[in-house]
Amino acid sequence: MKLNKDIRIKTDRLLLQPVEDLFVDDINTYFTSEITRYMPFNPEGDRNDILRFVEDSKKSLSNNTDLVMVATDSENNFMGCCGIHNITEESVELGLWLKKNAQGIGLGTEIITSLIEFLENNFIFRYICYPVDQENRASRKIPEKLGFISFKKYRKNKNQSSFLTIIEYRKYKSV
């Protein structure tokens, strides 16, 4: 499938669409150090960093390697970002973050379920990879309840003085 800016994925409660400039301020507001506690990112509140992120996301969309999306509710309120990354015929990687008040109500599972369905209907791959920090118990529940298996653990730098212990979950495509 050729990725494009017109892709829309509708879930029960959300609309997923490719990230665009319209959402720069929302991302900058909600992509905080609390949200990224278990992620290899250290946001500094610099709007220019988010502008670069959006531009890089648009480039990877046109290169057909990544689909970075925003999740909005029925009133077009920003809820978070999700993505399908490193798209190859071997594997794809899923990622997700939600703003604080959108967590704990099942939106993460809803988003990942919809991304898996989109992938299975539109791409050829062997498996889906879903990396989660070992300490992020809430996020680990998503792949575990969706039939992913724990494949390996590895360390990833968070910053110069700390690291994350990542569990890489995998789900192999049914044939």
# chains A, B, ... in the order shown; residues from 1 in each chain; ligands from 1

call {"tool": "residues_around", "arguments": {"residues": "Asn121 of chain A", "least_positions_apart": "5", "cutoff": "10 Å", "atoms": "only C-alpha atoms", "output": "list in words"}}
result
Met1, Leu115 and Ile116 of chain A

call {"tool": "residues_around", "arguments": {"residues": "segment 125-139 of chain A", "least_positions_apart": "3", "cutoff": "7 Å", "atoms": "only C-alpha atoms", "output": "PyMOL selection string"}}
result
chain A and resi 38+88-95+142+164-173

call {"tool": "write_last_selection", "arguments": {"atoms": "N, CA and C atoms", "output": "PDB file, in the first residue's frame"}}
result
ATOM      1  N   TYR A  38       8.405   6.652  30.357  1.00  0.00           N
ATOM      2  CA  TYR A  38       8.824   5.319  29.928  1.00  0.00           C
ATOM      3  C   TYR A  38       9.224   5.284  28.457  1.00  0.00           C
ATOM      4  N   THR A  88       8.498  -2.693   6.768  1.00  0.00           N
ATOM      5  CA  THR A  88       9.203  -3.552   5.809  1.00  0.00           C
ATOM      6  C   THR A  88       8.360  -4.816   5.620  1.00  0.00           C
ATOM      7  N   GLU A  89       8.759  -5.660   4.694  1.00  0.00           N
ATOM      8  CA  GLU A  89       8.042  -6.928   4.522  1.00  0.00           C
ATOM      9  C   GLU A  89       8.359  -7.909   5.647  1.00  0.00           C
ATOM     10  N   GLU A  90       9.420  -7.641   6.404  1.00  0.00           N
ATOM     11  CA  GLU A  90       9.753  -8.476   7.557  1.00  0.00           C
ATOM     12  C   GLU A  90       8.886  -8.094   8.757  1.00  0.00           C
ATOM     13  N   SER A  91       8.848  -6.791   9.070  1.00  0.00           N
ATOM     14  CA  SER A  91       8.157  -6.376  10.287  1.00  0.00           C
ATOM     15  C   SER A  91       7.706  -4.923  10.209  1.00  0.00           C
ATOM     16  N   VAL A  92       6.843  -4.578  11.144  1.00  0.00           N
ATOM     17  CA  VAL A  92       6.423  -3.200  11.375  1.00  0.00           C
ATOM     18  C   VAL A  92       6.438  -2.994  12.883  1.00  0.00           C
ATOM     19  N   GLU A  93       6.587  -1.756  13.297  1.00  0.00           N
ATOM     20  CA  GLU A  93       6.620  -1.449  14.728  1.00  0.00           C
ATOM     21  C   GLU A  93       5.494  -0.480  15.058  1.00  0.00           C
ATOM     22  N   LEU A  94       4.804  -0.730  16.167  1.00  0.00           N
ATOM     23  CA  LEU A  94       3.742   0.161  16.609  1.00  0.00           C
ATOM     24  C   LEU A  94       4.216   0.996  17.786  1.00  0.00           C
ATOM     25  N   GLY A  95       3.719   2.219  17.859  1.00  0.00           N
ATOM     26  CA  GLY A  95       4.015   3.105  18.970  1.00  0.00           C
ATOM     27  C   GLY A  95       2.778   3.913  19.321  1.00  0.00           C
ATOM     28  N   ILE A 142      -1.506  -3.800  27.022  1.00  0.00           N
ATOM     29  CA  ILE A 142      -2.058  -3.725  25.660  1.00  0.00           C
ATOM     30  C   ILE A 142      -1.582  -4.901  24.808  1.00  0.00           C
ATOM     31  N   LEU A 164      16.178   2.666  29.801  1.00  0.00           N
ATOM     32  CA  LEU A 164      14.930   1.922  29.894  1.00  0.00           C
ATOM     33  C   LEU A 164      15.243   0.450  29.635  1.00  0.00           C
ATOM     34  N   THR A 165      14.484  -0.428  30.252  1.00  0.00           N
ATOM     35  CA  THR A 165      14.566  -1.845  29.923  1.00  0.00           C
ATOM     36  C   THR A 165      13.336  -2.156  29.084  1.00  0.00           C
ATOM     37  N   ILE A 166      13.557  -2.340  27.807  1.00  0.00           N
ATOM     38  CA  ILE A 166      12.466  -2.521  26.853  1.00  0.00           C
ATOM     39  C   ILE A 166      12.137  -4.005  26.699  1.00  0.00           C
ATOM     40  N   ILE A 167      10.851  -4.314  26.772  1.00  0.00           N
ATOM     41  CA  ILE A 167      10.368  -5.638  26.386  1.00  0.00           C
ATOM     42  C   ILE A 167       9.835  -5.477  24.971  1.00  0.00           C
ATOM     43  N   GLU A 168      10.391  -6.242  24.058  1.00  0.00           N
ATOM     44  CA  GLU A 168       9.883  -6.212  22.687  1.00  0.00           C
ATOM     45  C   GLU A 168       8.861  -7.329  22.534  1.00  0.00           C
ATOM     46  N   TYR A 169       7.616  -6.916  22.385  1.00  0.00           N
ATOM     47  CA  TYR A 169       6.539  -7.869  22.135  1.00  0.00           C
ATOM     48  C   TYR A 169       6.410  -8.064  20.630  1.00  0.00           C
ATOM     49  N   ARG A 170       6.040  -9.273  20.232  1.00  0.00           N
ATOM     50  CA  ARG A 170       5.812  -9.555  18.813  1.00  0.00           C
ATOM     51  C   ARG A 170       4.495 -10.299  18.628  1.00  0.00           C
ATOM     52  N   LYS A 171       3.883  -9.996  17.507  1.00  0.00           N
ATOM     53  CA  LYS A 171       2.679 -10.717  17.083  1.00  0.00           C
ATOM     54  C   LYS A 171       2.908 -11.109  15.636  1.00  0.00           C
ATOM     55  N   TYR A 172       2.911 -12.410  15.394  1.00  0.00           N
ATOM     56  CA  TYR A 172       3.145 -12.905  14.039  1.00  0.00           C
ATOM     57  C   TYR A 172       1.842 -12.913  13.266  1.00  0.00           C
ATOM     58  N   LYS A 173       1.946 -12.527  12.009  1.00  0.00           N
ATOM     59  CA  LYS A 173       0.759 -12.447  11.157  1.00  0.00           C
ATOM     60  C   LYS A 173       0.220 -13.846  10.893  1.00  0.00           C
TER      61      LYS A 173
END

call {"tool": "closest_residue", "arguments": {"among": "A:Phe78, A:Trp97, A:Tyr154, A:Phe23", "to": "Arg37 of chain A", "atoms": "only C-alpha atoms"}}
result
A:Trp97

call {"tool": "closest_residue", "arguments": {"among": "A:Lys156, A:Lys145, A:Arg47, A:His85", "to": "Gly106 of chain A", "atoms": "only C-alpha atoms"}}
result
A:Lys145

call {"tool": "select_by_dssp", "arguments": {"residues": "segment 18-158 of chain A", "states": "alpha helix (DSSP H)", "output": "number ranges by chain"}}
result
A: 24-30, 47-62, 107-122, 137-145

call {"tool": "select_by_dssp", "arguments": {"residues": "chain A", "states": "strand (DSSP E or B)", "output": "ChimeraX atom specification"}}
result
/A:9-10,15-18,67-72,78-85,91-98,127-133,149-157,163-172

call {"tool": "write_last_selection", "arguments": {"atoms": "N, CA and C atoms", "output": "compact mmCIF listing (two decimals), in the first residue's frame"}}
result
# COMPACT_ATOMS: atom_id res chain seq x y z
N ILE A 9 -8.36 6.31 9.88
CA ILE A 9 -8.74 5.06 10.54
C ILE A 9 -9.72 5.43 11.64
N LYS A 10 -10.92 4.91 11.55
CA LYS A 10 -11.96 5.20 12.53
C LYS A 10 -12.02 4.06 13.53
N LEU A 15 -10.77 9.11 15.83
CA LEU A 15 -10.36 9.18 14.43
C LEU A 15 -8.84 9.31 14.43
N LEU A 16 -8.17 8.45 13.68
CA LEU A 16 -6.71 8.51 13.53
C LEU A 16 -6.42 9.07 12.15
N GLN A 17 -5.55 10.08 12.10
CA GLN A 17 -5.19 10.70 10.82
C GLN A 17 -3.74 11.13 10.86
N PRO A 18 -3.10 11.18 9.69
CA PRO A 18 -1.68 11.57 9.68
C PRO A 18 -1.46 12.91 10.37
N LEU A 67 3.93 5.78 9.33
CA LEU A 67 2.66 6.48 9.33
C LEU A 67 2.44 6.97 10.76
N VAL A 68 2.75 8.26 10.99
CA VAL A 68 2.57 8.86 12.31
C VAL A 68 1.23 9.58 12.30
N MET A 69 0.41 9.26 13.30
CA MET A 69 -0.96 9.77 13.30
C MET A 69 -1.30 10.45 14.62
N VAL A 70 -2.28 11.34 14.55
CA VAL A 70 -2.87 11.90 15.76
C VAL A 70 -4.21 11.21 15.98
N ALA A 71 -4.59 11.10 17.23
CA ALA A 71 -5.89 10.54 17.60
C ALA A 71 -6.74 11.69 18.13
N THR A 72 -7.93 11.84 17.56
CA THR A 72 -8.86 12.87 18.03
C THR A 72 -10.19 12.21 18.37
N PHE A 78 -7.73 16.68 20.63
CA PHE A 78 -6.50 15.90 20.55
C PHE A 78 -6.41 14.95 21.74
N MET A 79 -6.12 13.68 21.48
CA MET A 79 -6.00 12.68 22.54
C MET A 79 -4.59 12.10 22.65
N GLY A 80 -3.82 12.13 21.54
CA GLY A 80 -2.47 11.59 21.57
C GLY A 80 -1.97 11.29 20.18
N CYS A 81 -0.85 10.58 20.13
CA CYS A 81 -0.24 10.19 18.85
C CYS A 81 0.00 8.69 18.83
N CYS A 82 -0.02 8.15 17.63
CA CYS A 82 0.29 6.73 17.45
C CYS A 82 1.02 6.60 16.13
N GLY A 83 1.63 5.45 15.93
CA GLY A 83 2.35 5.31 14.69
C GLY A 83 2.62 3.88 14.30
N ILE A 84 2.79 3.72 13.00
CA ILE A 84 3.27 2.48 12.41
C ILE A 84 4.64 2.84 11.85
N HIS A 85 5.69 2.21 12.37
CA HIS A 85 7.06 2.63 12.07
C HIS A 85 7.86 1.51 11.40
N SER A 91 8.85 -6.79 9.07
CA SER A 91 8.16 -6.38 10.29
C SER A 91 7.71 -4.92 10.21
N VAL A 92 6.84 -4.58 11.14
CA VAL A 92 6.42 -3.20 11.38
C VAL A 92 6.44 -2.99 12.88
N GLU A 93 6.59 -1.76 13.30
CA GLU A 93 6.62 -1.45 14.73
C GLU A 93 5.49 -0.48 15.06
N LEU A 94 4.80 -0.73 16.17
CA LEU A 94 3.74 0.16 16.61
C LEU A 94 4.22 1.00 17.79
N GLY A 95 3.72 2.22 17.86
CA GLY A 95 4.01 3.11 18.97
C GLY A 95 2.78 3.91 19.32
N LEU A 96 2.73 4.39 20.56
CA LEU A 96 1.54 5.08 21.04
C LEU A 96 1.87 5.92 22.26
N TRP A 97 1.29 7.11 22.33
CA TRP A 97 1.24 7.85 23.59
C TRP A 97 -0.06 8.63 23.64
N LEU A 98 -0.63 8.71 24.83
CA LEU A 98 -1.89 9.43 25.04
C LEU A 98 -1.69 10.51 26.08
N TYR A 127 5.72 -10.00 11.08
CA TYR A 127 5.30 -9.77 12.46
C TYR A 127 5.23 -8.28 12.78
N ILE A 128 4.48 -8.00 13.85
CA ILE A 128 4.36 -6.65 14.39
C ILE A 128 5.17 -6.61 15.68
N CYS A 129 5.94 -5.57 15.83
CA CYS A 129 6.77 -5.36 17.01
C CYS A 129 6.14 -4.23 17.85
N TYR A 130 6.08 -4.43 19.15
CA TYR A 130 5.52 -3.41 20.05
C TYR A 130 6.45 -3.30 21.26
N PRO A 131 7.38 -2.33 21.25
CA PRO A 131 8.32 -2.18 22.36
C PRO A 131 7.71 -1.37 23.51
N VAL A 132 7.88 -1.87 24.74
CA VAL A 132 7.33 -1.21 25.92
C VAL A 132 8.35 -1.30 27.05
N ASP A 133 8.51 -0.20 27.80
CA ASP A 133 9.40 -0.25 28.95
C ASP A 133 8.84 -1.23 29.99
N ILE A 149 3.53 -11.84 22.05
CA ILE A 149 4.39 -12.60 22.95
C ILE A 149 5.63 -11.77 23.27
N SER A 150 6.15 -11.95 24.47
CA SER A 150 7.39 -11.29 24.84
C SER A 150 8.52 -11.99 24.08
N PHE A 151 9.23 -11.24 23.24
CA PHE A 151 10.26 -11.84 22.39
C PHE A 151 11.66 -11.65 22.95
N LYS A 152 11.97 -10.42 23.40
CA LYS A 152 13.30 -10.17 23.96
C LYS A 152 13.27 -8.90 24.81
N LYS A 153 14.31 -8.75 25.62
CA LYS A 153 14.50 -7.54 26.43
C LYS A 153 15.82 -6.92 26.04
N TYR A 154 15.86 -5.59 26.07
CA TYR A 154 17.10 -4.88 25.81
C TYR A 154 17.06 -3.52 26.49
N ARG A 155 18.23 -2.95 26.65
CA ARG A 155 18.35 -1.62 27.25
C ARG A 155 18.36 -0.56 26.16
N LYS A 156 17.71 0.55 26.46
CA LYS A 156 17.71 1.69 25.54
C LYS A 156 17.94 2.94 26.38
N ASN A 157 18.85 3.80 25.93
CA ASN A 157 19.14 5.01 26.68
C ASN A 157 17.93 5.94 26.72
N PHE A 163 18.51 4.67 31.69
CA PHE A 163 18.12 3.84 30.55
C PHE A 163 16.77 3.20 30.84
N LEU A 164 16.18 2.67 29.80
CA LEU A 164 14.93 1.92 29.89
C LEU A 164 15.24 0.45 29.64
N THR A 165 14.48 -0.43 30.25
CA THR A 165 14.57 -1.84 29.92
C THR A 165 13.34 -2.16 29.08
N ILE A 166 13.56 -2.34 27.81
CA ILE A 166 12.47 -2.52 26.85
C ILE A 166 12.14 -4.00 26.70
N ILE A 167 10.85 -4.31 26.77
CA ILE A 167 10.37 -5.64 26.39
C ILE A 167 9.83 -5.48 24.97
N GLU A 168 10.39 -6.24 24.06
CA GLU A 168 9.88 -6.21 22.69
C GLU A 168 8.86 -7.33 22.53
N TYR A 169 7.62 -6.92 22.38
CA TYR A 169 6.54 -7.87 22.14
C TYR A 169 6.41 -8.06 20.63
N ARG A 170 6.04 -9.27 20.23
CA ARG A 170 5.81 -9.56 18.81
C ARG A 170 4.50 -10.30 18.63
N LYS A 171 3.88 -10.00 17.51
CA LYS A 171 2.68 -10.72 17.08
C LYS A 171 2.91 -11.11 15.64
N TYR A 172 2.91 -12.41 15.39
CA TYR A 172 3.15 -12.90 14.04
C TYR A 172 1.84 -12.91 13.27

call {"tool": "closest_residue", "arguments": {"among": "A:Glu20, A:Asp26, A:Glu44, A:Asp73", "to": "Ser57 of chain A", "atoms": "only C-alpha atoms"}}
result
A:Glu20

call {"tool": "atom_distance", "arguments": {"atom1": "atom CA of Val54 of chain A", "atom2": "atom CA of Val19 of chain A"}}
result
6.5 Å

call {"tool": "closest_residue", "arguments": {"among": "A:Leu22, A:Leu14, A:Ile7, A:Leu51", "to": "Ile111 of chain A", "atoms": "only C-alpha atoms"}}
result
A:Leu14

call {"tool": "residues_around", "arguments": {"residues": "Asn48 of chain A", "least_positions_apart": "4", "cutoff": "10 Å", "atoms": "only C-alpha atoms", "output": "MDAnalysis selection string"}}
result
chainID A and resid 24 28 52:54

call {"tool": "write_last_selection", "arguments": {"atoms": "N, CA and C atoms", "output": "CSV table (one decimal), in the first residue's frame"}}
result
chain,number,residue,atom,x,y,z
A,24,VAL,N,0.5,20.8,16.0
A,24,VAL,CA,1.8,21.1,16.7
A,24,VAL,C,1.6,21.6,18.1
A,28,ASN,N,2.9,19.7,21.5
A,28,ASN,CA,3.8,20.4,22.4
A,28,ASN,C,3.3,20.6,23.8
A,52,ARG,N,9.8,20.1,13.8
A,52,ARG,CA,10.7,19.2,13.1
A,52,ARG,C,10.1,17.7,13.1
A,53,PHE,N,9.5,17.3,14.3
A,53,PHE,CA,8.9,16.0,14.4
A,53,PHE,C,7.8,15.9,13.3
A,54,VAL,N,7.0,16.9,13.2
A,54,VAL,CA,5.9,16.8,12.2
A,54,VAL,C,6.4,16.8,10.8

call {"tool": "atom_distance", "arguments": {"atom1": "atom CA of Asp21 of chain A", "atom2": "atom CA of Ser62 of chain A"}}
result
15.7 Å

call {"tool": "atom_distance", "arguments": {"atom1": "atom CA of Arg8 of chain A", "atom2": "atom CA of Leu61 of chain A"}}
result
13.5 Å
